[in-house]
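Heads up, data_9.txt below (compact mmCIF, C-alpha atoms):
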# COMPACT_ATOMS: atom_id res chain seq x y z
CA ILE P 1 28.21 91.02 -5.67
CA ASP P 2 28.95 87.31 -6.06
CA ASP P 3 26.48 84.92 -4.56
CA VAL P 4 27.68 82.55 -1.87
CA ILE P 5 26.46 78.89 -1.86
CA THR P 6 26.59 76.83 1.30
CA ALA P 7 26.59 73.01 0.59
CA GLU P 8 27.92 69.91 2.28
CA ALA P 9 29.39 66.81 0.73
CA LYS P 10 27.27 63.71 1.08
CA THR P 11 28.11 60.12 1.93
CA ALA P 12 25.26 57.60 1.88
CA SER P 13 24.85 53.87 1.48
CA TYR P 14 23.24 52.21 -1.51
CA THR P 15 19.47 51.84 -1.29
CA GLY P 16 18.42 50.84 -4.79
CA SER P 17 16.98 54.31 -5.36
CA LYS P 18 18.49 57.59 -6.58
CA ILE P 19 20.51 59.35 -3.93
CA THR P 20 20.30 63.13 -4.24
CA ALA P 21 22.70 65.70 -2.86
CA ASN P 22 22.20 67.36 0.49
CA ASN P 23 20.17 70.53 0.54
CA ALA P 24 22.14 73.68 -0.25
CA GLU P 25 21.54 77.40 0.45
CA SER P 26 22.62 80.63 -1.22
CA LEU P 27 22.70 84.19 -0.02
CA SER P 28 20.53 85.17 -2.94
CA ASN P 29 17.97 82.51 -2.16
CA SER P 30 17.73 82.13 -5.90
CA LYS P 31 17.07 78.90 -7.74
CA LEU P 32 19.80 76.31 -7.39
CA THR P 33 20.67 73.84 -10.15
CA PHE P 34 22.32 70.50 -9.29
CA THR P 35 24.45 68.68 -11.85
CA TYR P 36 25.99 65.24 -11.09
CA PHE P 37 29.33 63.99 -12.43
CA ASP P 38 30.94 60.56 -12.48
CA ASN P 39 34.07 61.84 -10.78
CA THR P 40 34.92 63.91 -7.72
CA ASN P 41 35.81 67.26 -9.28
CA CYS P 42 32.72 68.21 -11.24
CA THR P 43 34.41 67.71 -14.61
CA GLY P 44 34.09 65.17 -17.36
CA ASN P 45 30.96 63.09 -17.87
CA GLN P 46 27.76 64.53 -16.55
CA LEU P 47 25.06 62.21 -15.26
CA GLY P 48 21.51 62.66 -16.38
CA ASP P 49 20.20 62.33 -12.84
CA ALA P 50 21.23 61.60 -9.29
CA PRO P 51 23.24 58.37 -9.14
CA ILE P 52 21.96 55.04 -7.79
CA ASN P 53 24.93 52.71 -7.69
CA VAL P 54 27.95 52.66 -5.44
CA GLY P 55 30.67 55.10 -6.52
CA ASN P 56 32.51 58.40 -5.97
CA TYR P 57 30.63 61.24 -7.59
CA SER P 58 30.51 65.07 -7.40
CA VAL P 59 27.74 67.66 -7.58
CA LYS P 60 28.03 71.10 -9.13
CA ILE P 61 25.55 73.50 -7.58
CA VAL P 62 24.82 76.72 -9.50
CA SER P 63 22.72 79.58 -8.19
CA ALA P 64 20.66 81.66 -10.61
CA GLY P 65 21.51 84.94 -8.88
CA ASN P 66 19.25 87.99 -8.79
CA ASP P 67 19.37 91.74 -8.95
CA ASN P 68 21.72 91.90 -5.99
CA TYR P 69 23.83 88.78 -6.48
CA ASP P 70 25.66 87.41 -9.43
CA SER P 71 25.33 83.73 -10.24
CA ALA P 72 27.77 81.47 -8.43
CA GLU P 73 28.72 77.78 -8.35
CA THR P 74 30.37 75.30 -6.02
CA CYS P 75 31.41 71.60 -6.20
CA VAL P 76 30.92 69.04 -3.43
CA THR P 77 31.71 65.32 -3.36
CA HIS P 78 28.91 62.79 -3.46
CA THR P 79 29.78 59.26 -2.28
CA ILE P 80 27.61 56.13 -2.32
CA THR P 81 28.85 53.14 -0.31
CA GLN P 82 27.57 49.54 -0.31
CA GLY P 83 24.20 48.94 1.29
CA LYS P 84 22.93 45.86 3.08
CA PRO P 85 19.98 43.85 1.80
CA THR P 86 17.34 42.26 3.99
CA VAL P 87 16.91 38.52 3.53
CA THR P 88 13.75 36.79 4.76
CA LEU P 89 13.37 33.02 4.80
CA GLU P 90 9.98 31.39 5.51
CA ASN P 91 9.50 28.22 7.53
CA LYS P 92 8.55 25.18 5.45
CA GLU P 93 6.78 21.89 6.10
CA ALA P 94 6.75 19.11 3.52
CA ASP P 95 6.08 15.37 3.22
CA TYR P 96 8.84 12.85 2.70
CA ASN P 97 9.24 11.89 -0.98
CA GLY P 98 12.57 10.10 -1.11
CA ASN P 99 14.36 13.13 -2.58
CA GLN P 100 16.16 16.08 -1.09
CA ILE P 101 13.73 18.74 0.11
CA GLN P 102 14.93 22.31 -0.11
CA ILE P 103 13.74 25.41 1.68
CA ASP P 104 11.76 27.80 -0.52
CA ALA P 105 13.63 30.69 -2.13
CA PRO P 106 14.19 33.66 0.21
CA THR P 107 12.75 37.12 -0.28
CA ILE P 108 15.66 39.51 -0.81
CA LYS P 109 15.07 43.24 -0.71
CA ASN P 110 17.12 46.34 -1.34
CA PRO P 111 17.36 48.81 1.54
CA ASN P 112 14.55 50.73 -0.16
CA GLY P 113 12.27 47.68 0.08
CA SER P 114 12.30 46.68 -3.58
CA ILE P 115 12.55 42.95 -4.21
CA ILE P 116 15.70 41.83 -6.01
CA SER P 117 17.24 38.59 -7.21
CA ILE P 118 20.90 38.04 -6.41
CA PRO P 119 22.99 34.89 -5.90
CA TYR P 120 22.93 33.28 -2.50
CA THR P 121 23.99 30.15 -0.63
CA VAL P 122 21.70 28.02 1.53
CA ASN P 123 23.09 26.22 4.57
CA TYR P 124 21.09 23.41 6.22
CA TYR P 125 21.44 22.17 9.78
CA ASP P 126 20.14 19.36 11.96
CA GLY P 127 17.68 20.70 14.50
CA SER P 128 15.87 24.00 14.51
CA ALA P 129 18.61 26.40 15.68
CA CYS P 130 20.89 26.77 12.63
CA SER P 131 23.82 25.64 14.73
CA GLY P 132 26.56 23.09 14.33
CA SER P 133 28.02 21.88 11.07
CA SER P 134 26.04 22.43 7.92
CA ILE P 135 24.58 19.44 6.04
CA SER P 136 23.19 18.75 2.60
CA ALA P 137 19.56 19.42 1.87
CA PRO P 138 17.75 16.76 3.95
CA ILE P 139 15.81 13.76 2.68
CA ASN P 140 14.45 11.93 5.69
CA GLU P 141 11.73 12.78 8.17
CA GLY P 142 12.80 15.22 10.88
CA THR P 143 13.15 18.85 11.92
CA TYR P 144 15.90 20.85 10.27
CA SER P 145 16.81 24.52 9.86
CA ALA P 146 18.20 26.68 7.08
CA LYS P 147 19.89 30.01 6.69
CA VAL P 148 20.66 31.99 3.52
CA ILE P 149 23.79 34.07 2.94
CA THR P 150 23.74 36.40 -0.06
CA ASN P 151 26.78 37.01 -2.25
CA GLU P 152 28.43 40.42 -2.04
CA ASN P 153 28.31 42.59 -5.16
CA ASN P 154 29.25 46.16 -6.12
CA ASN P 155 26.22 47.68 -4.44
CA LEU P 156 25.46 45.30 -1.57
CA VAL P 157 27.43 43.62 1.14
CA SER P 158 26.73 40.00 2.03
CA ALA P 159 23.78 39.48 4.38
CA GLU P 160 22.34 36.58 6.37
CA SER P 161 18.72 35.65 6.57
CA ASN P 162 16.80 34.68 9.63
CA CYS P 163 16.94 31.02 10.72
CA ALA P 164 13.97 29.15 9.24
CA THR P 165 12.77 25.66 10.17
CA LEU P 166 12.30 22.89 7.61
CA LYS P 167 10.10 20.04 8.82
CA ILE P 168 9.81 16.81 6.83
CA ASN P 169 6.82 14.69 7.79
CA PRO P 170 6.45 10.91 7.40
CA ILE P 171 3.96 9.77 4.78
CA LYS P 172 1.33 7.05 4.47
CA ASN P 173 2.81 3.59 4.69
CA PRO P 174 2.74 1.84 1.28
CA THR P 175 2.68 -1.69 2.71
CA VAL P 176 0.20 -3.95 0.88
CA VAL P 177 -1.16 -7.18 2.40
CA THR P 178 -3.06 -9.48 0.02
CA PRO P 179 -4.93 -12.70 0.95
CA VAL P 180 -3.80 -15.97 -0.61
CA GLU P 181 -6.60 -17.71 -2.49
CA ASN P 182 -7.55 -21.37 -2.94
CA ILE P 183 -6.18 -22.62 0.36
CA LYS P 184 -7.63 -26.04 1.23
CA TYR P 185 -8.07 -27.74 4.57
CA GLY P 186 -5.00 -29.72 5.55
CA GLU P 187 -2.60 -27.54 3.54
CA ASP P 188 0.24 -25.65 5.21
CA LYS P 189 0.41 -22.40 3.26
CA GLU P 190 1.20 -18.80 4.12
CA MET P 191 -2.15 -17.03 4.29
CA VAL P 192 -1.12 -13.60 2.97
CA VAL P 193 1.42 -11.98 0.64
CA THR P 194 3.04 -8.77 1.88
CA THR P 195 4.69 -6.29 -0.50
CA LYS P 196 6.14 -2.76 -0.34
CA LEU P 197 6.80 -3.20 3.37
CA GLN P 198 8.17 -0.15 5.17
CA GLY P 199 8.85 -0.96 8.79
CA THR P 200 8.18 -4.07 10.85
CA ILE P 201 4.89 -5.93 10.40
CA TYR P 202 3.01 -7.97 12.99
CA TYR P 203 0.20 -10.47 12.23
CA SER P 204 -2.65 -11.99 14.19
CA ILE P 205 -5.50 -14.33 13.26
CA GLY P 206 -8.77 -13.14 14.79
CA THR P 207 -7.40 -10.46 17.15
CA GLU P 208 -7.25 -6.86 15.96
CA LEU P 209 -3.83 -5.26 16.37
CA THR P 210 -3.51 -1.62 17.46
CA LYS P 211 -0.72 0.70 18.58
CA ASP P 212 -1.33 -0.57 22.11
CA ASN P 213 -1.10 -4.33 21.51
CA TYR P 214 0.65 -4.88 18.19
CA THR P 215 3.63 -6.59 19.84
CA SER P 216 1.29 -9.42 20.82
CA GLY P 217 1.22 -10.36 17.15
CA LYS P 218 3.89 -12.33 15.34
CA THR P 219 6.33 -11.05 12.74
CA SER P 220 6.07 -14.28 10.73
CA ILE P 221 3.28 -14.69 8.20
CA PRO P 222 0.53 -16.96 9.62
CA THR P 223 -0.06 -20.29 7.90
CA SER P 224 -3.13 -22.44 7.34
CA LYS P 225 -1.65 -25.42 9.18
CA ASP P 226 -4.23 -27.09 11.49
CA LEU P 227 -6.96 -24.61 10.47
CA SER P 228 -10.41 -25.94 9.67
CA LYS P 229 -12.50 -24.83 6.75
CA ASN P 230 -13.61 -21.25 7.54
CA ASP P 231 -13.13 -17.59 6.73
CA TYR P 232 -10.40 -16.01 8.87
CA ASN P 233 -9.64 -12.35 9.59
CA VAL P 234 -5.88 -11.90 9.38
CA TYR P 235 -5.03 -8.63 11.14
CA TYR P 236 -1.76 -6.79 10.62
CA TYR P 237 -0.01 -3.78 12.14
CA VAL P 238 2.98 -2.10 10.51
CA LYS P 239 5.29 -0.20 12.81
CA GLY P 240 6.58 2.32 10.31
CA ASN P 241 10.05 3.80 10.16
CA SER P 242 11.27 7.39 10.26
CA ASN P 243 9.79 8.22 6.87
CA TYR P 244 6.57 6.20 6.90
CA LYS P 245 3.66 6.27 9.30
CA ASP P 246 2.26 3.23 11.08
CA ALA P 247 -0.47 1.29 9.25
CA LYS P 248 -2.99 -1.35 10.20
CA GLY P 249 -5.78 -3.37 8.67
CA PHE P 250 -7.04 -6.86 7.98
CA VAL P 251 -7.80 -9.19 5.10
CA ILE P 252 -10.19 -12.15 4.93
CA VAL P 253 -8.58 -15.47 4.06
CA SER P 254 -10.74 -18.46 3.22
CA VAL P 255 -9.71 -22.03 4.00
CA GLY P 256 -11.87 -24.27 1.83
CA VAL P 257 -12.92 -27.90 1.95
CA ILE P 258 -10.87 -30.56 0.21
CA GLN P 259 -11.95 -33.47 -1.92
CA ASN P 260 -13.72 -36.13 0.06
CA THR P 261 -11.57 -39.22 0.65
CA ILE P 262 -14.46 -41.69 0.45
CA GLU P 263 -13.79 -44.95 -1.35
CA VAL P 264 -16.77 -47.21 -2.26
CA SER P 265 -15.96 -50.58 -3.82
CA PRO P 266 -18.28 -53.37 -5.00
CA VAL P 267 -18.22 -56.65 -3.12
CA THR P 268 -17.48 -59.52 -5.47
CA GLY P 269 -18.42 -63.18 -5.28
CA ILE P 270 -22.00 -62.68 -4.08
CA SER P 271 -24.28 -65.51 -5.08
CA TYR P 272 -28.00 -65.60 -5.28
CA GLY P 273 -29.59 -66.36 -1.94
CA GLU P 274 -26.76 -64.94 0.15
CA ASN P 275 -27.21 -62.05 2.55
CA LYS P 276 -24.09 -59.93 2.15
CA GLU P 277 -23.30 -56.22 2.15
CA MET P 278 -23.01 -55.25 -1.48
CA VAL P 279 -20.25 -52.60 -1.12
CA THR P 280 -17.38 -51.73 1.17
CA THR P 281 -16.84 -48.09 2.20
CA LYS P 282 -13.55 -46.63 3.48
CA ASN P 283 -12.31 -43.18 4.48
CA ALA P 284 -15.75 -41.59 4.33
CA GLN P 285 -15.89 -37.98 5.51
CA GLY P 286 -19.47 -37.30 6.46
CA VAL P 287 -22.66 -39.38 6.51
CA VAL P 288 -23.03 -41.66 3.48
CA TYR P 289 -26.39 -42.40 1.87
CA TYR P 290 -26.94 -45.40 -0.41
CA SER P 291 -29.55 -46.32 -3.00
CA VAL P 292 -30.00 -49.35 -5.25
CA GLY P 293 -30.92 -48.20 -8.74
CA THR P 294 -31.79 -44.55 -7.98
CA GLU P 295 -29.17 -41.86 -8.44
CA LEU P 296 -28.63 -39.65 -5.37
CA THR P 297 -28.09 -35.89 -5.69
CA ASP P 298 -28.14 -32.74 -3.56
CA ASP P 299 -31.89 -32.70 -3.96
CA ASN P 300 -32.82 -36.27 -3.03
CA TYR P 301 -29.95 -37.86 -1.15
CA THR P 302 -31.99 -38.15 2.05
CA SER P 303 -34.25 -40.62 0.25
CA GLY P 304 -31.33 -43.04 0.43
CA LYS P 305 -30.40 -45.12 3.44
CA THR P 306 -27.38 -44.74 5.65
CA SER P 307 -26.97 -48.52 5.97
CA ILE P 308 -25.06 -50.42 3.30
CA PRO P 309 -27.51 -52.31 1.04
CA THR P 310 -27.41 -56.13 1.16
CA SER P 311 -28.04 -58.85 -1.34
CA GLU P 312 -30.84 -60.40 0.75
CA GLY P 313 -33.93 -61.11 -1.34
CA LYS P 314 -32.34 -59.96 -4.56
CA ASN P 315 -32.27 -62.03 -7.70
CA ALA P 316 -29.12 -62.78 -9.59
CA GLY P 317 -28.02 -59.97 -11.89
CA ASP P 318 -26.18 -56.63 -11.97
CA TYR P 319 -27.21 -53.87 -9.56
CA ILE P 320 -26.10 -50.21 -9.59
CA ILE P 321 -25.40 -48.95 -6.07
CA TYR P 322 -25.45 -45.14 -5.85
CA TYR P 323 -23.87 -43.28 -2.93
CA PHE P 324 -23.81 -39.64 -1.80
CA THR P 325 -22.21 -37.76 1.12
CA LYS P 326 -22.45 -34.07 1.97
CA GLY P 327 -19.02 -34.20 3.56
CA ASN P 328 -18.27 -32.23 6.74
CA ASN P 329 -16.62 -29.00 7.83
CA ASN P 330 -13.36 -29.80 6.11
CA TYR P 331 -14.26 -32.20 3.30
CA GLY P 332 -16.47 -31.58 0.32
CA LYS P 333 -19.40 -33.62 -0.91
CA ALA P 334 -18.96 -36.72 -3.03
CA ALA P 335 -21.20 -38.92 -5.13
CA GLY P 336 -20.78 -41.94 -7.34
CA LYS P 337 -21.90 -45.40 -8.28
CA VAL P 338 -20.59 -48.94 -8.47
CA THR P 339 -21.99 -52.05 -10.15
CA VAL P 340 -22.48 -55.18 -8.04
CA ASN P 341 -23.15 -58.60 -9.53
CA ILE P 342 -25.18 -61.32 -7.82
CA ALA P 343 -24.27 -64.57 -9.46
CA LYS P 344 -26.61 -67.46 -10.28
CA ILE P 345 -26.27 -70.70 -8.34
CA ASN P 346 -26.74 -74.36 -9.53
CA ASP P 347 -30.33 -75.67 -9.26
CA THR P 348 -31.09 -78.90 -7.27
CA ILE P 349 -33.58 -81.65 -8.18
CA THR P 350 -35.12 -83.96 -5.60
CA LEU P 351 -36.66 -87.17 -7.02
CA ASP P 352 -37.82 -90.13 -4.94
CA THR P 353 -37.10 -93.67 -6.14
CA VAL P 354 -40.06 -95.70 -7.64
CA GLU P 355 -40.44 -99.25 -6.37
CA THR P 356 -43.47 -101.17 -7.79
CA GLU P 357 -44.50 -104.52 -9.33
CA TYR P 358 -44.72 -105.07 -13.01
CA THR P 359 -48.15 -104.22 -14.42
CA GLY P 360 -47.64 -104.35 -18.13
CA ASP P 361 -48.23 -100.61 -18.33
CA ALA P 362 -45.72 -97.75 -18.40
CA ILE P 363 -44.56 -96.87 -14.96
CA PHE P 364 -43.70 -93.19 -14.61
CA ALA P 365 -41.19 -91.64 -12.22
CA ASN P 366 -42.28 -89.73 -9.16
CA ASP P 367 -42.66 -85.97 -9.46
CA ALA P 368 -39.33 -84.19 -9.23
CA ILE P 369 -38.90 -81.15 -6.94
CA THR P 370 -36.47 -78.34 -7.94
CA LYS P 371 -35.15 -75.54 -5.76
CA SER P 372 -35.84 -73.11 -8.54
CA ASN P 373 -39.42 -74.36 -8.99
CA THR P 374 -38.77 -74.48 -12.71
CA LYS P 375 -40.08 -77.00 -15.24
CA VAL P 376 -38.46 -80.45 -15.21
CA THR P 377 -38.04 -82.55 -18.31
CA TYR P 378 -38.09 -86.35 -17.85

Please express what this file holds, its structure, as structure tokens.
Amino acid sequence: IDDVITAEAKTASYTGSKITANNAESLSNSKLTFTYFDNTNCTGNQLGDAPINVGNYSVKIVSAGNDNYDSAETCVTHTITQGKPTVTLENKEADYNGNQIQIDAPTIKNPNGSIISIPYTVNYYDGSACSGSSISAPINEGTYSAKVITNENNNLVSAESNCATLKINPIKNPTVVTPVENIKYGEDKEMVVTTKLQGTIYYSIGTELTKDNYTSGKTSIPTSKDLSKNDYNVYYYVKGNSNYKDAKGFVIVSVGVIQNTIEVSPVTGISYGENKEMVTTKNAQGVVYYSVGTELTDDNYTSGKTSIPTSEGKNAGDYIIYYFTKGNNNYGKAAGKVTVNIAKINDTITLDTVETEYTGDAIFANDAITKSNTKVTY
């Protein structure tokens, strides 16, 4: 007798794997052969195996029969509908770099768990809840969120991912503070140069600035006005902005001595026998040492005298007066020399008158006396 096959049509969603027909039974319990077709009536093009993709198919089931049953066949429909992928998006944390920062690519899987690559759209949102209006991929520091929506295709419907957070962290502040060199006492110069500033900067001379007291500093660059010669710690604190962290530090700025203003001039018109100061000194900065004829240096200046040399007891002629000063806190050392002339004076002769009677012999004059005690010619 003819065999009887019991089989049911199948409708299943796409998984990414082959979808086989439902189990079938026959009265003969003989071997069953399944053949798949690309239409619904088991005619036309046969498929080599169970179909994978979405479509309307059919399955011809043929029993082998046995001694009691003749072989038989039946046709059932076999339908595959669109499946739904799973889309997983990972949280991301990144540092600000001035460019848009995008969430990492999602992991998209077929219903069977195999990883696939299909087109998708990423939506970004302010905050961490994927709510509100979507925005462009963010640039600035902050907490954002993102969600992926896949494109629908023949086998898969569109699917949304989970809501993932995207956190952009501020980065190290690039502000650079450089000390100004060669500042001299008495100058009014800015003490530092600040470049690549990100945020608001505060300065202080001598007092360290921290997150707790930085507002006690000033936002203007400190100057050297009224500062004595010294090395100064110039502290700074940068209150960063949304993309840059705070920064702090200090630089050492040196205020140096300036040229000594001393002026030493020779006194003119000194004559032999006078007791006058041989030089005049003005605008000296520091103790001045003097020496007649001996040069004064760093090594021997204390051998000089701090009183101005005088012409007392000195013969007529040219004298070299050396001077040296170490300066003081704000003025540098100075040294030099001037030439002072002591002029000759006119000599005087004292000669007493001779009064005597005629003797017939030569009568000589009295002895003459000169101030210079030099030889007299009669």

Exercise. Which neighbours of Thr121 in chain P fall inside 7 Å, counting all atoms listed in the file, when residues of the same chain fewer than 6 positions from it are skipped, and could you give them as number ranges by chain?
Worked result: P: 148-150

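Nearest to Val279 in chain P of all the residues P:Lys225, P:Lys337, P:His78, P:Lys211 is P:Lys337, based on all atoms listed in the file.
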
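Using all atoms listed in the file, the nearest neighbour of Ala129 in chain P within the list P:Ala146, P:Ala247, P:Ile52, P:Ala362 is P:Ala146.
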
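Among the candidates P:Ile139, P:Val338, P:Ile349, P:Ile270, the one nearest to Lys314 in chain P when counting all atoms listed in the file is P:Ile270.
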
Exercise. Which polymer residues, protein or nucleic acid, are no farther than 12 Å from (23.0, 72.4, -12.6), counting all atoms listed in the file, as a list of chain:residue names?
Worked result: P:Ala21, P:Lys31, P:Leu32, P:Thr33, P:Phe34, P:Thr35, P:Tyr36, P:Phe37, P:Cys42, P:Gln46, P:Leu47, P:Gly48, P:Asp49, P:Ala50, P:Ser58, P:Val59, P:Lys60, P:Ile61, P:Val62, P:Ser63, P:Ala64, P:Ser71, P:Ala72, P:Glu73, P:Thr74, P:Cys75

Seminar exercise, completed: Residue with the minimum atom-to-atom distance to Pro85 in chain P, picked from P:Ile19, P:Leu156, P:Val288, P:Ile221 with all atoms listed in the file counted, is P:Leu156

Exercise. Using only C-alpha atoms, which residue out of P:Ile135, P:Ile252, P:Ile342, P:Cys130 lies closest to Ile320 in chain P?
Worked result: P:Ile342

Problem set entry | Close residues, Tyr331 in chain P itself excluded, 7 Å, all atoms listed in the file, min 5 positions apart in chain, as a ChimeraX atom specification | /P:257-260,285

Now that the selection is made, can you save its residues with C-alpha atoms as a tab-separated table (two decimals), keeping the file's coordinate frame?
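Dumped everything to result.tsv:
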chain	number	residue	atom	x	y	z
P	257	VAL	CA	-12.92	-27.90	1.95
P	258	ILE	CA	-10.87	-30.56	0.21
P	259	GLN	CA	-11.95	-33.47	-1.92
P	260	ASN	CA	-13.72	-36.13	0.06
P	285	GLN	CA	-15.89	-37.98	5.51

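Minimum distance to Ile205 in chain P across P:Lys218, P:Lys92, P:Lys245, P:Lys147 (counting all atoms listed in the file) occurs at P:Lys218.
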
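Here CA of Asn373 in chain P is placed at a distance of 26.3 Å from CA of Met278 in chain P.
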
Which polymer residues have any atom within 7 Å of an atom of Phe250 in chain P, counting all atoms listed in the file, with same-chain residues fewer than 2 positions away left out, as a PDB file with C-alpha atoms, keeping the file's coordinate frame?
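Final output, result-v4.pdb:
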ATOM      1  CA  ASN P 233      -9.640 -12.350   9.590  1.00  0.00           C
ATOM      2  CA  VAL P 234      -5.880 -11.900   9.380  1.00  0.00           C
ATOM      3  CA  TYR P 235      -5.030  -8.630  11.140  1.00  0.00           C
ATOM      4  CA  TYR P 236      -1.760  -6.790  10.620  1.00  0.00           C
ATOM      5  CA  ILE P 252     -10.190 -12.150   4.930  1.00  0.00           C
TER       6      ILE P 252
END

Problem set entry | Contacts of Lys167 in chain P at 10 Å (all atoms listed in the file; same-chain gap of 4+ positions) as JSON, numbers by chain | {"P": [91, 92, 93, 94, 95, 96, 101, 103, 127, 128, 138, 140, 141, 142, 143, 144, 145]}

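In this model, the gap between CA of Asn97 in chain P and CA of Ser133 in chain P comes to 24.4 Å.
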
For this session: Write out as a PyMOL selection string which residues come within 8 Å of Glu277 in chain P when counting only C-alpha atoms, dropping same-chain ones fewer than 2 positions away.
Result: chain P and resi 267+275+279-280+308-311

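Relative to CA of Asp67 in chain P, CA of Asn29 in chain P is found at 11.5 Å.
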